[in-house]
Amino acid sequence: MSHHIPEVVIWCLAIALTVAVVLLMRQRTITTGVRRRADQLEDGLRARDEEIGHLVRVRLPAVADSADQSVPLPGLLDERLAGTVFAQGMQSVMELFTRAVDKAQARADQSAKAALKASMRSLQGLAHEQQLAISDMQDRHDNPDVLRDLLEIDHANSQFGRRAQAIAVLCGSWPGRQRVASPLTDVVRGATSRIRDYRRVRVHSQADVAVVSRAVEPVVLAVAELLDNAARHSQPNTTVEVSLQPVHNGACIVIDDAGVGMDGQEVQQAVAFLTGRRTVDVSRLGDPPQFGFPVIGVLAARYGFSVSVDTRSPYGGVRTVVFLPSSLLTQLDVDGPDTTPLAPPSRQSTRSQRPGGRPHPRPVERTHPGPVPPAPDAPPPVTGSTAGGLPKRRRRQPAAGHGRTPSAPLPAEAPQERTAEETARRMGAFARGTRNGRADRHQGLDRHEGPARHPDRAPGEDEGNPYA
Amino acid sequence: MTPPAPRHERGLVRPYVVTDGRSHPTRNTFDLVTLVMAHEDRPLGGLSPEKRRLMELCLGGALSVAEIAGHLMLPVSVTKVLLGDLVDSGHLSTRAPIPSAQLPEAQILQEVLDGLRARL
């Protein structure tokens with residue numbers, strides 16, 4: 001019996017060994033599986049960590065920096081994560097962030113615009129005030145040396161005013177000045193007045209149209225920006241040629257420079273601004289800020305004219321064409337607005353009967369611009385100019401004692417005009433008194449005392465009478 | 001709308017554009033009462049708009065410098081620059097001012113003054 005014991009032990013051991021081996025094998029498989037899983041999970045964790053890092057370092061900054069929505073933003077780093085809850089969470093973080101950035105940008109833009117607008121408004125006011133002061137001084141001082149200095153100051157002030165105006169317009173403000181309808185030539189020369197190299201600008205043909213009152217200032221501003229661009233991007237010894245062309249349903253201002261021109265990308269950018277396709281962001285105009293095209297684009301969109309810059313000039317530079325539709329144009333009557341409102345009808349007849357008033361040889365083709373009409377806007381021209389076909393009544397207009405007629409009052413010049421009128425009345429009374437006195441004294445004598453004045457003086461005296 | 005006063009409108013084309021930046025007339029013969037006469041045979045083509053207007057004014061008869069400045073709504077000094085150019089180019093000629101008329105006697109003046117005072 002005793003020899004059975006080792007056998008049993010051996011069997012037991014064998015069984016135990018087998019079990020142990022099986023268990024060991026199983027354990028090994030399980031361990032491998034677990035290890036693999038752990039590795040996988042670790043990988044996943046690392047991927048998520050990296051993804052988070054990518055989000056913080058790349059994706060969010062990209063959102064913050066992107067100027068517009070058109071550029072695609074960077075996506076997930078690891079494509080395996082796509083569609084997971086984690087990825088969706090990241091996406092919503094991105095969206096929230098984008099929204100926050102947009103809102104902050106809008107707010108910043110708005111407040112920048114508001115601040116700029118307010119300060120430019122006050123600068124505009126100052127520039128305008130200064131211009132009036134300079135004009136006064138120009139009137140007062142007759143010394144050419146003083147005039148030279150004043151012209152320089154005037155020039156600097158005009159440019160300064162233009163800058164302020166342009167920025168204000170870009171910030172959503174109005175161009176700011178109300179002007180009367182002015183001949184196109186005047187408008188272009190007005191624009192010329194506001195750029196640095198005004199002496200290089202040559203205005204050629206004189207179109208026989210005028211710009212309606214509300215569009216004068218915007219067109220002046222837009223053309224000034226274009227002329228400034230043209231002059232600044234061309235050699236100082238070249239000229240900038242401007243020609244005015246009436247076209248089928250409007251008029252064109254064509255500006256040619258002999259400068260360096262623009263490359264394709266610049267043209268594209270300019271066109272985007274000019275057509276209003278690209279929105280203007282005050283805080284992203286570059287350094288130094290490029291105001292020109294955005295300002296023109298804003299004005300063109302607001303007032304309904306169009307500007308194209310995509311043609312090459314025959315001079316090698318850029319050809320810019322400003323197209324003004326008929327709705328922005330008007331015809332000034334033959335005499336021009338600068339005379340009619342001030343020339344009362346009664347005066348015209350006096351003038352026409354005047355012996356010395358030889359018919360004007362040159363029926364003015366109302367092209368000459370010159371200082372813009374001071375006149376009240378529209379109404380007087382109708383009554384004033386046509387009858388009699390007299391092209392010239394200017395003589396009557398601004399001289400000291402005039403301007404009084406019931407039919408054509410000058411509401412604009414109320415304060416000064418009152419005193420002038422009064423002066424004129426007194427002068428008239430004086431002249432009459434003198435004449436009466438003389439007539440009383442020497443009955444036989446001619447009523448017109450003194451040596452014959454110049455023919456032009458006679459009506460001048462007559463004019464005094466109505467004031468008495 | 002209140003129409004702007006003339007001075008505002010004068011602001012559109014500035015004087016330095018009118019004179020092309022010059023401030024000194026080519027000749028120093030003008031004062032406020034110098035009379036200027038236009039020569040009708042001269043062509044107006046090629047003149048700047050202001051010069052053309054000036055010529056158109058003067059073709060109507062002789063005018064004094066002050067009057068021309070007033071009509072063109074330009075400062076007198078600027079007008080002188082334009083006038084200097086036009087005289088140089090033969091478009092204009094100048095004439096000394098006409099001597100003033102015989103002055104009324106003091107007694108008449110006094111009467112007129114009394115009359116005016118009574119009336120005003």
# chains A, B, ... in the order shown; residues from 1 in each chain; ligands from 1
call {"tool": "residues_around", "arguments": {"residues": "region 219-236 of chain A", "least_positions_apart": "5", "cutoff": "8 Å", "atoms": "only C-alpha atoms", "output": "PyMOL selection string"}}
result
chain A and resi 162+166+175+187-188+190-192+194-197+200-201+255-261+292-293+295-296+299+317-318+320+322
call {"tool": "write_last_selection", "arguments": {"atoms": "N, CA and C atoms", "output": "JSON list (two decimals), in the first residue's frame"}}
result
[["chain", "number", "residue", "atom", "x", "y", "z"],
["A", 162, "ARG", "N", -8.92, 117.43, -45.44],
["A", 162, "ARG", "CA", -9.30, 116.26, -46.25],
["A", 162, "ARG", "C", -9.04, 114.97, -45.47],
["A", 166, "ALA", "N", -11.80, 112.30, -44.54],
["A", 166, "ALA", "CA", -11.76, 110.92, -45.03],
["A", 166, "ALA", "C", -11.93, 109.93, -43.89],
["A", 175, "PRO", "N", -19.83, 113.42, -45.22],
["A", 175, "PRO", "CA", -18.69, 114.25, -45.63],
["A", 175, "PRO", "C", -18.71, 115.64, -45.02],
["A", 187, "VAL", "N", -15.56, 120.98, -59.43],
["A", 187, "VAL", "CA", -15.48, 119.86, -58.50],
["A", 187, "VAL", "C", -14.09, 119.23, -58.57],
["A", 188, "VAL", "N", -13.63, 119.03, -59.81],
["A", 188, "VAL", "CA", -12.32, 118.41, -59.96],
["A", 188, "VAL", "C", -11.22, 119.35, -59.45],
["A", 190, "GLY", "N", -11.61, 121.55, -57.21],
["A", 190, "GLY", "CA", -11.75, 121.56, -55.76],
["A", 190, "GLY", "C", -10.99, 120.38, -55.16],
["A", 191, "ALA", "N", -11.11, 119.24, -55.85],
["A", 191, "ALA", "CA", -10.37, 118.07, -55.38],
["A", 191, "ALA", "C", -8.87, 118.32, -55.50],
["A", 192, "THR", "N", -8.49, 118.96, -56.59],
["A", 192, "THR", "CA", -7.07, 119.28, -56.78],
["A", 192, "THR", "C", -6.55, 120.15, -55.65],
["A", 194, "ARG", "N", -6.98, 119.94, -52.72],
["A", 194, "ARG", "CA", -6.78, 119.28, -51.43],
["A", 194, "ARG", "C", -5.64, 118.29, -51.44],
["A", 195, "ILE", "N", -4.88, 118.25, -52.49],
["A", 195, "ILE", "CA", -3.77, 117.30, -52.47],
["A", 195, "ILE", "C", -2.45, 118.05, -52.47],
["A", 196, "ARG", "N", -1.42, 117.32, -52.11],
["A", 196, "ARG", "CA", -0.13, 117.96, -51.95],
["A", 196, "ARG", "C", 0.41, 118.51, -53.28],
["A", 197, "ASP", "N", 0.42, 117.64, -54.31],
["A", 197, "ASP", "CA", 1.03, 118.04, -55.58],
["A", 197, "ASP", "C", 0.02, 118.62, -56.54],
["A", 200, "ARG", "N", 0.79, 119.49, -60.25],
["A", 200, "ARG", "CA", 1.03, 118.49, -61.29],
["A", 200, "ARG", "C", -0.25, 118.02, -61.96],
["A", 201, "VAL", "N", -1.36, 118.47, -61.45],
["A", 201, "VAL", "CA", -2.63, 118.00, -62.02],
["A", 201, "VAL", "C", -3.06, 118.91, -63.16],
["A", 255, "ILE", "N", -8.78, 109.82, -64.80],
["A", 255, "ILE", "CA", -7.52, 110.28, -64.20],
["A", 255, "ILE", "C", -6.40, 109.34, -64.65],
["A", 256, "ASP", "N", -5.41, 109.88, -65.32],
["A", 256, "ASP", "CA", -4.28, 109.07, -65.79],
["A", 256, "ASP", "C", -3.03, 109.51, -65.08],
["A", 257, "ASP", "N", -2.28, 108.55, -64.57],
["A", 257, "ASP", "CA", -0.98, 108.94, -64.04],
["A", 257, "ASP", "C", 0.10, 108.15, -64.77],
["A", 258, "ALA", "N", 1.30, 108.65, -64.68],
["A", 258, "ALA", "CA", 2.42, 108.00, -65.35],
["A", 258, "ALA", "C", 3.31, 107.34, -64.32],
["A", 259, "GLY", "N", 2.67, 106.71, -63.38],
["A", 259, "GLY", "CA", 3.43, 106.17, -62.25],
["A", 259, "GLY", "C", 3.76, 104.70, -62.42],
["A", 260, "VAL", "N", 3.89, 104.03, -61.30],
["A", 260, "VAL", "CA", 4.35, 102.65, -61.31],
["A", 260, "VAL", "C", 3.23, 101.66, -61.60],
["A", 261, "GLY", "N", 2.01, 102.11, -61.49],
["A", 261, "GLY", "CA", 0.90, 101.19, -61.73],
["A", 261, "GLY", "C", 0.67, 100.27, -60.54],
["A", 292, "GLY", "N", -7.37, 105.54, -48.61],
["A", 292, "GLY", "CA", -7.91, 105.96, -49.92],
["A", 292, "GLY", "C", -9.04, 105.11, -50.46],
["A", 293, "PHE", "N", -8.74, 103.88, -50.84],
["A", 293, "PHE", "CA", -9.75, 103.08, -51.51],
["A", 293, "PHE", "C", -10.95, 102.77, -50.62],
["A", 295, "VAL", "N", -12.24, 104.59, -48.36],
["A", 295, "VAL", "CA", -13.08, 105.79, -48.29],
["A", 295, "VAL", "C", -13.86, 105.97, -49.58],
["A", 296, "ILE", "N", -13.16, 105.81, -50.71],
["A", 296, "ILE", "CA", -13.84, 105.98, -51.99],
["A", 296, "ILE", "C", -14.96, 104.95, -52.12],
["A", 299, "LEU", "N", -17.93, 106.04, -50.09],
["A", 299, "LEU", "CA", -18.63, 107.16, -50.71],
["A", 299, "LEU", "C", -19.38, 106.72, -51.96],
["A", 317, "GLY", "N", 0.89, 104.26, -66.09],
["A", 317, "GLY", "CA", 0.43, 104.10, -64.71],
["A", 317, "GLY", "C", -0.97, 103.52, -64.66],
["A", 318, "VAL", "N", -1.76, 104.05, -63.78],
["A", 318, "VAL", "CA", -3.12, 103.55, -63.61],
["A", 318, "VAL", "C", -4.09, 104.53, -64.25],
["A", 320, "THR", "N", -7.81, 105.72, -63.80],
["A", 320, "THR", "CA", -8.95, 105.63, -62.91],
["A", 320, "THR", "C", -10.13, 106.32, -63.58],
["A", 322, "VAL", "N", -13.94, 107.61, -62.86],
["A", 322, "VAL", "CA", -15.06, 107.85, -61.94],
["A", 322, "VAL", "C", -16.28, 108.08, -62.81]]
call {"tool": "select_by_dssp", "arguments": {"residues": "region 101-268 of chain A", "states": "strand (DSSP E or B)", "output": "number ranges by chain"}}
result
A: 182-183, 201-203, 210-211, 240-247, 250-256
call {"tool": "write_last_selection", "arguments": {"atoms": "N, CA and C atoms", "output": "PDB file, in the first residue's frame"}}
result
ATOM      1  N   SER A 182     -22.332 122.461 -58.384  1.00  0.00           N
ATOM      2  CA  SER A 182     -21.141 123.103 -58.925  1.00  0.00           C
ATOM      3  C   SER A 182     -20.728 122.428 -60.212  1.00  0.00           C
ATOM      4  N   PRO A 183     -20.166 123.203 -61.121  1.00  0.00           N
ATOM      5  CA  PRO A 183     -19.700 122.613 -62.373  1.00  0.00           C
ATOM      6  C   PRO A 183     -18.681 121.508 -62.104  1.00  0.00           C
ATOM      7  N   VAL A 201      -1.363 118.471 -61.455  1.00  0.00           N
ATOM      8  CA  VAL A 201      -2.629 117.999 -62.017  1.00  0.00           C
ATOM      9  C   VAL A 201      -3.060 118.907 -63.163  1.00  0.00           C
ATOM     10  N   ARG A 202      -3.348 118.329 -64.298  1.00  0.00           N
ATOM     11  CA  ARG A 202      -3.827 119.105 -65.440  1.00  0.00           C
ATOM     12  C   ARG A 202      -5.253 118.669 -65.746  1.00  0.00           C
ATOM     13  N   VAL A 203      -6.154 119.605 -65.669  1.00  0.00           N
ATOM     14  CA  VAL A 203      -7.546 119.285 -65.989  1.00  0.00           C
ATOM     15  C   VAL A 203      -7.805 119.712 -67.419  1.00  0.00           C
ATOM     16  N   ALA A 210     -22.903 119.875 -64.345  1.00  0.00           N
ATOM     17  CA  ALA A 210     -22.619 120.222 -62.958  1.00  0.00           C
ATOM     18  C   ALA A 210     -23.035 119.054 -62.075  1.00  0.00           C
ATOM     19  N   VAL A 211     -22.483 119.027 -60.910  1.00  0.00           N
ATOM     20  CA  VAL A 211     -22.797 117.969 -59.958  1.00  0.00           C
ATOM     21  C   VAL A 211     -23.839 118.516 -58.988  1.00  0.00           C
ATOM     22  N   VAL A 240      -0.317 114.555 -63.761  1.00  0.00           N
ATOM     23  CA  VAL A 240      -1.498 113.705 -63.641  1.00  0.00           C
ATOM     24  C   VAL A 240      -2.564 114.344 -64.532  1.00  0.00           C
ATOM     25  N   GLU A 241      -2.996 113.592 -65.516  1.00  0.00           N
ATOM     26  CA  GLU A 241      -3.910 114.163 -66.502  1.00  0.00           C
ATOM     27  C   GLU A 241      -5.348 113.806 -66.144  1.00  0.00           C
ATOM     28  N   VAL A 242      -6.183 114.808 -66.087  1.00  0.00           N
ATOM     29  CA  VAL A 242      -7.587 114.568 -65.784  1.00  0.00           C
ATOM     30  C   VAL A 242      -8.410 115.033 -66.971  1.00  0.00           C
ATOM     31  N   SER A 243      -9.269 114.189 -67.457  1.00  0.00           N
ATOM     32  CA  SER A 243     -10.172 114.676 -68.488  1.00  0.00           C
ATOM     33  C   SER A 243     -11.600 114.345 -68.099  1.00  0.00           C
ATOM     34  N   LEU A 244     -12.479 115.211 -68.514  1.00  0.00           N
ATOM     35  CA  LEU A 244     -13.889 115.072 -68.150  1.00  0.00           C
ATOM     36  C   LEU A 244     -14.653 114.748 -69.416  1.00  0.00           C
ATOM     37  N   GLN A 245     -15.410 113.678 -69.371  1.00  0.00           N
ATOM     38  CA  GLN A 245     -16.122 113.279 -70.572  1.00  0.00           C
ATOM     39  C   GLN A 245     -17.582 113.042 -70.276  1.00  0.00           C
ATOM     40  N   PRO A 246     -18.426 113.732 -70.994  1.00  0.00           N
ATOM     41  CA  PRO A 246     -19.844 113.394 -70.883  1.00  0.00           C
ATOM     42  C   PRO A 246     -20.071 112.062 -71.582  1.00  0.00           C
ATOM     43  N   VAL A 247     -20.814 111.174 -70.969  1.00  0.00           N
ATOM     44  CA  VAL A 247     -21.113 109.897 -71.601  1.00  0.00           C
ATOM     45  C   VAL A 247     -22.627 109.725 -71.639  1.00  0.00           C
ATOM     46  N   GLY A 250     -24.434 109.824 -68.086  1.00  0.00           N
ATOM     47  CA  GLY A 250     -23.706 110.416 -66.978  1.00  0.00           C
ATOM     48  C   GLY A 250     -22.491 111.157 -67.470  1.00  0.00           C
ATOM     49  N   ALA A 251     -21.478 111.157 -66.643  1.00  0.00           N
ATOM     50  CA  ALA A 251     -20.225 111.800 -67.040  1.00  0.00           C
ATOM     51  C   ALA A 251     -19.093 111.045 -66.380  1.00  0.00           C
ATOM     52  N   CYS A 252     -17.946 111.107 -66.999  1.00  0.00           N
ATOM     53  CA  CYS A 252     -16.797 110.391 -66.463  1.00  0.00           C
ATOM     54  C   CYS A 252     -15.666 111.358 -66.153  1.00  0.00           C
ATOM     55  N   ILE A 253     -15.001 111.080 -65.061  1.00  0.00           N
ATOM     56  CA  ILE A 253     -13.763 111.784 -64.754  1.00  0.00           C
ATOM     57  C   ILE A 253     -12.656 110.748 -64.936  1.00  0.00           C
ATOM     58  N   VAL A 254     -11.788 110.992 -65.888  1.00  0.00           N
ATOM     59  CA  VAL A 254     -10.732 110.016 -66.176  1.00  0.00           C
ATOM     60  C   VAL A 254      -9.406 110.574 -65.662  1.00  0.00           C
ATOM     61  N   ILE A 255      -8.775 109.820 -64.800  1.00  0.00           N
ATOM     62  CA  ILE A 255      -7.519 110.276 -64.203  1.00  0.00           C
ATOM     63  C   ILE A 255      -6.404 109.338 -64.646  1.00  0.00           C
ATOM     64  N   ASP A 256      -5.409 109.881 -65.324  1.00  0.00           N
ATOM     65  CA  ASP A 256      -4.284 109.073 -65.790  1.00  0.00           C
ATOM     66  C   ASP A 256      -3.032 109.508 -65.076  1.00  0.00           C
TER      67      ASP A 256
END
call {"tool": "residues_around", "arguments": {"residues": "Ala62 (chain B)", "least_positions_apart": "6", "cutoff": "7 Å", "atoms": "only C-alpha atoms", "output": "ChimeraX atom specification"}}
result
/B:35-37
call {"tool": "residues_around", "arguments": {"residues": "Leu109 (chain B)", "least_positions_apart": "4", "cutoff": "12 Å", "atoms": "only C-alpha atoms", "output": "MDAnalysis selection string"}}
result
(chainID A and resid 429:438) or (chainID B and resid 103:105 113:116)
call {"tool": "closest_residue", "arguments": {"among": "B:Leu59, B:Ala38, B:Val65, B:Leu86", "to": "chain A", "atoms": "only C-alpha atoms"}}
result
B:Leu59
call {"tool": "select_by_dssp", "arguments": {"residues": "chain B", "states": "helix (DSSP H, G or I)", "output": "PyMOL selection string"}}
result
chain B and resi 6-10+15-18+49-59+65-72+76-88+106-119
call {"tool": "residues_around", "arguments": {"residues": "Thr34 (chain B)", "least_positions_apart": "2", "cutoff": "12 Å", "atoms": "only C-alpha atoms", "output": "list in words"}}
result
Asn28, Thr29, Phe30, Asp31, Leu32, Val36, Met37, Ala62, Leu63, Ser64, Val65, Ala66, Glu67, Ile68, Ala69, Val76, Lys80, Leu83, Ser93, Thr94, Arg95, Ala96, Pro97, Ile98 and Pro99 of chain B
call {"tool": "write_last_selection", "arguments": {"atoms": "N, CA and C atoms", "output": "PDB file, in the first residue's frame"}}
result
ATOM      1  N   ASN B  28       3.874 145.114 -61.032  1.00  0.00           N
ATOM      2  CA  ASN B  28       3.384 145.719 -59.806  1.00  0.00           C
ATOM      3  C   ASN B  28       2.600 146.991 -60.105  1.00  0.00           C
ATOM      4  N   THR B  29       1.782 146.928 -61.113  1.00  0.00           N
ATOM      5  CA  THR B  29       1.141 148.161 -61.565  1.00  0.00           C
ATOM      6  C   THR B  29      -0.314 148.262 -61.160  1.00  0.00           C
ATOM      7  N   PHE B  30      -0.772 147.314 -60.400  1.00  0.00           N
ATOM      8  CA  PHE B  30      -2.199 147.348 -60.080  1.00  0.00           C
ATOM      9  C   PHE B  30      -2.443 147.892 -58.685  1.00  0.00           C
ATOM     10  N   ASP B  31      -3.404 148.782 -58.586  1.00  0.00           N
ATOM     11  CA  ASP B  31      -3.960 149.012 -57.253  1.00  0.00           C
ATOM     12  C   ASP B  31      -5.469 148.841 -57.366  1.00  0.00           C
ATOM     13  N   LEU B  32      -6.165 149.096 -56.293  1.00  0.00           N
ATOM     14  CA  LEU B  32      -7.579 148.752 -56.272  1.00  0.00           C
ATOM     15  C   LEU B  32      -8.384 149.437 -57.364  1.00  0.00           C
ATOM     16  N   VAL B  36      -9.127 148.149 -65.870  1.00  0.00           N
ATOM     17  CA  VAL B  36      -8.613 147.101 -66.737  1.00  0.00           C
ATOM     18  C   VAL B  36      -9.552 146.945 -67.917  1.00  0.00           C
ATOM     19  N   MET B  37      -8.968 146.889 -69.105  1.00  0.00           N
ATOM     20  CA  MET B  37      -9.801 146.701 -70.287  1.00  0.00           C
ATOM     21  C   MET B  37      -9.336 145.471 -71.047  1.00  0.00           C
ATOM     22  N   ALA B  62     -14.643 148.391 -69.193  1.00  0.00           N
ATOM     23  CA  ALA B  62     -13.534 148.511 -68.257  1.00  0.00           C
ATOM     24  C   ALA B  62     -14.022 148.325 -66.828  1.00  0.00           C
ATOM     25  N   LEU B  63     -13.208 147.672 -66.048  1.00  0.00           N
ATOM     26  CA  LEU B  63     -13.550 147.444 -64.647  1.00  0.00           C
ATOM     27  C   LEU B  63     -12.334 147.746 -63.792  1.00  0.00           C
ATOM     28  N   SER B  64     -12.606 148.098 -62.555  1.00  0.00           N
ATOM     29  CA  SER B  64     -11.474 148.313 -61.664  1.00  0.00           C
ATOM     30  C   SER B  64     -11.050 146.972 -61.063  1.00  0.00           C
ATOM     31  N   VAL B  65      -9.839 146.954 -60.579  1.00  0.00           N
ATOM     32  CA  VAL B  65      -9.313 145.727 -59.985  1.00  0.00           C
ATOM     33  C   VAL B  65     -10.204 145.259 -58.834  1.00  0.00           C
ATOM     34  N   ALA B  66     -10.651 146.207 -58.041  1.00  0.00           N
ATOM     35  CA  ALA B  66     -11.479 145.843 -56.895  1.00  0.00           C
ATOM     36  C   ALA B  66     -12.774 145.198 -57.348  1.00  0.00           C
ATOM     37  N   GLU B  67     -13.355 145.768 -58.407  1.00  0.00           N
ATOM     38  CA  GLU B  67     -14.605 145.201 -58.902  1.00  0.00           C
ATOM     39  C   GLU B  67     -14.398 143.781 -59.417  1.00  0.00           C
ATOM     40  N   ILE B  68     -13.324 143.616 -60.161  1.00  0.00           N
ATOM     41  CA  ILE B  68     -13.053 142.285 -60.712  1.00  0.00           C
ATOM     42  C   ILE B  68     -12.899 141.274 -59.588  1.00  0.00           C
ATOM     43  N   ALA B  69     -12.141 141.662 -58.583  1.00  0.00           N
ATOM     44  CA  ALA B  69     -11.931 140.751 -57.455  1.00  0.00           C
ATOM     45  C   ALA B  69     -13.265 140.400 -56.821  1.00  0.00           C
ATOM     46  N   VAL B  76      -8.172 140.204 -53.547  1.00  0.00           N
ATOM     47  CA  VAL B  76      -7.606 141.164 -54.488  1.00  0.00           C
ATOM     48  C   VAL B  76      -6.197 140.756 -54.899  1.00  0.00           C
ATOM     49  N   LYS B  80      -4.807 140.086 -58.655  1.00  0.00           N
ATOM     50  CA  LYS B  80      -3.687 140.798 -59.276  1.00  0.00           C
ATOM     51  C   LYS B  80      -2.739 139.849 -59.990  1.00  0.00           C
ATOM     52  N   LEU B  83      -4.393 139.069 -63.196  1.00  0.00           N
ATOM     53  CA  LEU B  83      -4.366 140.236 -64.080  1.00  0.00           C
ATOM     54  C   LEU B  83      -2.975 140.416 -64.680  1.00  0.00           C
ATOM     55  N   SER B  93      -5.369 145.344 -70.988  1.00  0.00           N
ATOM     56  CA  SER B  93      -4.474 146.482 -70.789  1.00  0.00           C
ATOM     57  C   SER B  93      -5.039 147.313 -69.644  1.00  0.00           C
ATOM     58  N   THR B  94      -4.205 148.103 -69.044  1.00  0.00           N
ATOM     59  CA  THR B  94      -4.653 148.848 -67.875  1.00  0.00           C
ATOM     60  C   THR B  94      -4.731 150.326 -68.201  1.00  0.00           C
ATOM     61  N   ARG B  95      -5.485 151.009 -67.397  1.00  0.00           N
ATOM     62  CA  ARG B  95      -5.609 152.451 -67.558  1.00  0.00           C
ATOM     63  C   ARG B  95      -5.581 153.048 -66.160  1.00  0.00           C
ATOM     64  N   ALA B  96      -4.953 154.182 -66.058  1.00  0.00           N
ATOM     65  CA  ALA B  96      -4.894 154.820 -64.747  1.00  0.00           C
ATOM     66  C   ALA B  96      -6.305 155.195 -64.322  1.00  0.00           C
ATOM     67  N   PRO B  97      -6.554 155.254 -63.053  1.00  0.00           N
ATOM     68  CA  PRO B  97      -7.906 155.579 -62.595  1.00  0.00           C
ATOM     69  C   PRO B  97      -8.331 156.961 -63.063  1.00  0.00           C
ATOM     70  N   ILE B  98      -9.581 157.106 -63.311  1.00  0.00           N
ATOM     71  CA  ILE B  98     -10.126 158.402 -63.733  1.00  0.00           C
ATOM     72  C   ILE B  98     -10.100 159.347 -62.547  1.00  0.00           C
ATOM     73  N   PRO B  99      -9.671 160.595 -62.776  1.00  0.00           N
ATOM     74  CA  PRO B  99      -9.635 161.525 -61.643  1.00  0.00           C
ATOM     75  C   PRO B  99     -11.027 161.732 -61.080  1.00  0.00           C
TER      76      PRO B  99
END
call {"tool": "atom_distance", "arguments": {"atom1": "CA of Leu151 (chain A)", "atom2": "CA of Leu12 (chain B)"}}
result
14.3 Å
call {"tool": "residues_around", "arguments": {"residues": "Ala112 (chain A)", "least_positions_apart": "4", "cutoff": "10 Å", "atoms": "only C-alpha atoms", "output": "VMD selection string"}}
result
chain A and resid 106 to 108 116 to 118 171 281 to 283
call {"tool": "closest_residue", "arguments": {"among": "B:Ser89, B:Ser77, B:Thr19, B:Gln107", "to": "chain A", "atoms": "only C-alpha atoms"}}
result
B:Ser77
call {"tool": "closest_residue", "arguments": {"among": "B:Lys51, B:Arg42, B:Arg27, B:Arg14", "to": "chain A", "atoms": "only C-alpha atoms"}}
result
B:Arg14
call {"tool": "atom_distance", "arguments": {"atom1": "CA of Val17 (chain B)", "atom2": "CA of Ser173 (chain A)"}}
result
27.8 Å
call {"tool": "atom_distance", "arguments": {"atom1": "CA of Gly53 (chain A)", "atom2": "CA of Arg36 (chain A)"}}
result
25.3 Å
call {"tool": "residues_around", "arguments": {"residues": "His39 (chain B)", "least_positions_apart": "2", "cutoff": "6 Å", "atoms": "only C-alpha atoms", "output": "PyMOL selection string"}}
result
chain B and resi 41+91-92
call {"tool": "write_last_selection", "arguments": {"atoms": "N, CA and C atoms", "output": "JSON list (two decimals), in the first residue's frame"}}
result
[["chain", "number", "residue", "atom", "x", "y", "z"],
["B", 41, "ASP", "N", -9.93, 140.90, -79.35],
["B", 41, "ASP", "CA", -9.47, 140.02, -80.42],
["B", 41, "ASP", "C", -8.67, 138.83, -79.91],
["B", 91, "HIS", "N", -3.92, 139.97, -73.21],
["B", 91, "HIS", "CA", -5.39, 139.93, -73.17],
["B", 91, "HIS", "C", -5.98, 141.20, -72.60],
["B", 92, "LEU", "N", -5.24, 141.83, -71.73],
["B", 92, "LEU", "CA", -5.78, 142.99, -71.02],
["B", 92, "LEU", "C", -4.82, 144.16, -71.15]]
